[in-house]
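Notes follow once the structure below has been shown.
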Amino acid sequence: MSLPNPWSSYRQVATQTATPGQLVLMLFDGAIRFLERARLGFAETDPLAFNLTVNNNLQRAQAIIHELNTSLNLRDGGEVAANFQRLYDYMDERLQESNFQKSDAGIADVLRRLGVLREAWAEMLRRRGEDLGQAAPGLAFASHA
């Protein structure tokens with residue numbers, strides 16, 4: 001009988017008890033973390049490790065951006081939601097380009113934009129009085145196996 005992974009249990013409880021705003025913050029944190037990991041892949045000297053690190057982490061970041069994009073309420077969100085959709089589409093295209101060309105430029109661009117969004121979102125949550133400890137960086141997507 002195997003023991004449950006305490007980190008996995010903690011992540012599960014945290015994501016189930018987080019507010020929608022905290023979940024969005026967790027998504028931003030996860031995407032940023034995967035992009036930072038992808039950038040670390042550029043230091044790999046082994047071609048297989050280089051390609052796997054860059055590709056796998058970019059795909060994970062793209063999956064998060066896709067989730068953010070598909071969760072937009074375009075009907076009620078009006079122009080703001082449409083602008084976010086265009087931004088997320090742009091980010092996805094930049095990451096696809098970076099993955100195909102194995103170039104850091106698109107990753108750096110998306111990291112910068114996500115960092116601005118993340119900080120603005122965190123500030124909005126703080127002003128609303130939400131606990132940001134629940135949405136600790138990396139909580140929702142850390143892989144501790």
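So you can find residues: chains in the structure tokens are A, B, ... in the order shown, residues in each start at 1, and ligands are numbered from 1 in order.
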Give me, as a Markdown table, the closest atom pair and its distance (Å, one decimal) for every residue of region 10-99 of chain A within a cut-off of 10 Å of region 104-128 of chain A, counting only C-alpha atoms, rows sorted by chain and rising number.
| residue | atom | partner | partner_atom | distance |
| --- | --- | --- | --- | --- |
| A:Gly21 | CA | A:Leu125 | CA | 6.9 |
| A:Gln22 | CA | A:Leu125 | CA | 7.8 |
| A:Val24 | CA | A:Trp121 | CA | 8.2 |
| A:Leu25 | CA | A:Arg118 | CA | 6.4 |
| A:Met26 | CA | A:Arg118 | CA | 9.2 |
| A:Leu27 | CA | A:Arg118 | CA | 9.2 |
| A:Phe28 | CA | A:Arg118 | CA | 5.8 |
| A:Asp29 | CA | A:Arg118 | CA | 7.4 |
| A:Ala31 | CA | A:Leu114 | CA | 8.1 |
| A:Ile32 | CA | A:Leu111 | CA | 6.2 |
| A:Arg33 | CA | A:Leu111 | CA | 9.3 |
| A:Phe34 | CA | A:Leu111 | CA | 9.9 |
| A:Leu35 | CA | A:Ile107 | CA | 6.5 |
| A:Glu36 | CA | A:Leu111 | CA | 8.0 |
| A:Ala38 | CA | A:Ile107 | CA | 8.2 |
| A:Arg39 | CA | A:Asp104 | CA | 6.8 |
| A:Gly41 | CA | A:Asp104 | CA | 10.0 |
| A:Phe42 | CA | A:Asp104 | CA | 7.9 |
| A:Val54 | CA | A:Asp104 | CA | 9.5 |
| A:Leu58 | CA | A:Ile107 | CA | 8.4 |
| A:Ile65 | CA | A:Leu114 | CA | 9.7 |
| A:Leu87 | CA | A:Arg113 | CA | 9.1 |
| A:Tyr88 | CA | A:Val110 | CA | 9.4 |
| A:Tyr90 | CA | A:Val110 | CA | 8.8 |
| A:Met91 | CA | A:Val110 | CA | 5.7 |
| A:Asp92 | CA | A:Val110 | CA | 8.6 |
| A:Glu93 | CA | A:Gly106 | CA | 8.7 |
| A:Arg94 | CA | A:Gly106 | CA | 4.9 |
| A:Leu95 | CA | A:Gly106 | CA | 5.8 |
| A:Gln96 | CA | A:Gly106 | CA | 8.5 |
| A:Glu97 | CA | A:Gly106 | CA | 7.1 |
| A:Ser98 | CA | A:Gly106 | CA | 5.4 |
| A:Asn99 | CA | A:Asp104 | CA | 8.7 |
Store the residues picked out above in a file with N, CA and C atoms, as a CSV table (one decimal), in the first residue's frame.
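The resulting file, part28.csv, is reproduced below:
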chain,number,residue,atom,x,y,z
A,21,GLY,N,-11.0,34.0,-8.2
A,21,GLY,CA,-9.9,35.0,-8.4
A,21,GLY,C,-8.5,34.4,-8.1
A,22,GLN,N,-8.5,33.6,-7.0
A,22,GLN,CA,-7.3,32.9,-6.6
A,22,GLN,C,-6.9,31.9,-7.6
A,24,VAL,N,-7.4,32.0,-10.8
A,24,VAL,CA,-6.8,32.7,-12.0
A,24,VAL,C,-5.3,33.0,-11.6
A,25,LEU,N,-5.1,33.5,-10.4
A,25,LEU,CA,-3.7,33.8,-10.0
A,25,LEU,C,-2.9,32.6,-10.0
A,26,MET,N,-3.4,31.5,-9.6
A,26,MET,CA,-2.7,30.2,-9.7
A,26,MET,C,-2.3,29.8,-11.1
A,27,LEU,N,-3.3,30.1,-12.0
A,27,LEU,CA,-3.0,29.8,-13.4
A,27,LEU,C,-1.9,30.7,-14.0
A,28,PHE,N,-1.9,32.0,-13.6
A,28,PHE,CA,-0.8,32.8,-14.0
A,28,PHE,C,0.5,32.3,-13.5
A,29,ASP,N,0.5,32.0,-12.2
A,29,ASP,CA,1.8,31.5,-11.6
A,29,ASP,C,2.3,30.2,-12.2
A,31,ALA,N,1.7,29.2,-15.4
A,31,ALA,CA,2.2,29.5,-16.7
A,31,ALA,C,3.6,30.1,-16.6
A,32,ILE,N,3.8,31.1,-15.7
A,32,ILE,CA,5.1,31.7,-15.5
A,32,ILE,C,6.1,30.7,-15.1
A,33,ARG,N,5.8,29.8,-14.2
A,33,ARG,CA,6.8,28.9,-13.8
A,33,ARG,C,7.2,27.9,-14.9
A,34,PHE,N,6.2,27.5,-15.7
A,34,PHE,CA,6.6,26.6,-16.8
A,34,PHE,C,7.4,27.3,-17.9
A,35,LEU,N,7.1,28.6,-18.1
A,35,LEU,CA,7.9,29.4,-19.1
A,35,LEU,C,9.4,29.6,-18.5
A,36,GLU,N,9.5,29.8,-17.2
A,36,GLU,CA,10.8,29.9,-16.7
A,36,GLU,C,11.6,28.6,-16.8
A,38,ALA,N,11.1,26.4,-19.2
A,38,ALA,CA,11.4,26.2,-20.6
A,38,ALA,C,12.7,27.0,-20.9
A,39,ARG,N,12.8,28.2,-20.3
A,39,ARG,CA,14.0,29.0,-20.6
A,39,ARG,C,15.3,28.3,-20.0
A,41,GLY,N,15.8,25.3,-20.2
A,41,GLY,CA,16.2,24.3,-21.2
A,41,GLY,C,17.2,24.7,-22.2
A,42,PHE,N,17.3,26.0,-22.4
A,42,PHE,CA,18.3,26.6,-23.4
A,42,PHE,C,19.7,26.4,-22.9
A,54,VAL,N,12.4,22.4,-23.3
A,54,VAL,CA,11.8,23.5,-23.9
A,54,VAL,C,10.4,23.1,-24.4
A,58,LEU,N,6.9,24.5,-22.6
A,58,LEU,CA,6.1,25.4,-23.4
A,58,LEU,C,4.7,24.9,-23.6
A,65,ILE,N,-2.6,28.9,-20.7
A,65,ILE,CA,-3.1,30.0,-21.5
A,65,ILE,C,-4.4,29.7,-22.2
A,87,LEU,N,-5.1,38.9,-26.6
A,87,LEU,CA,-3.9,38.8,-25.9
A,87,LEU,C,-3.5,37.4,-25.7
A,88,TYR,N,-4.4,36.5,-25.2
A,88,TYR,CA,-4.1,35.1,-25.0
A,88,TYR,C,-3.7,34.4,-26.4
A,90,TYR,N,-2.4,35.9,-28.9
A,90,TYR,CA,-1.1,36.4,-29.3
A,90,TYR,C,0.0,35.6,-28.5
A,91,MET,N,-0.2,35.4,-27.2
A,91,MET,CA,0.7,34.7,-26.4
A,91,MET,C,0.9,33.3,-26.9
A,92,ASP,N,-0.2,32.6,-27.2
A,92,ASP,CA,-0.1,31.2,-27.7
A,92,ASP,C,0.7,31.2,-29.0
A,93,GLU,N,0.4,32.1,-29.9
A,93,GLU,CA,1.2,32.2,-31.2
A,93,GLU,C,2.7,32.4,-30.9
A,94,ARG,N,3.0,33.3,-30.0
A,94,ARG,CA,4.4,33.6,-29.7
A,94,ARG,C,5.1,32.3,-29.1
A,95,LEU,N,4.4,31.6,-28.3
A,95,LEU,CA,5.0,30.3,-27.7
A,95,LEU,C,5.1,29.2,-28.8
A,96,GLN,N,4.1,29.1,-29.7
A,96,GLN,CA,4.3,28.2,-30.7
A,96,GLN,C,5.5,28.5,-31.6
A,97,GLU,N,5.7,29.7,-31.9
A,97,GLU,CA,6.8,30.2,-32.7
A,97,GLU,C,8.1,29.9,-32.0
A,98,SER,N,8.2,30.2,-30.7
A,98,SER,CA,9.4,29.9,-29.9
A,98,SER,C,9.7,28.4,-29.8
A,99,ASN,N,8.6,27.6,-29.7
A,99,ASN,CA,8.8,26.2,-29.7
A,99,ASN,C,9.3,25.6,-31.0
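Separating CA of Leu52 (chain A) from CA of Leu40 (chain A) is a distance of 11.3 Å.
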(message) Can you measure CA of Gln85 (chain A) to CA of Ala63 (chain A) for me? One decimal in Å is fine.
(response)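 Going from CA of Gln85 (chain A) over to CA of Ala63 (chain A), I get 14.4 Å.
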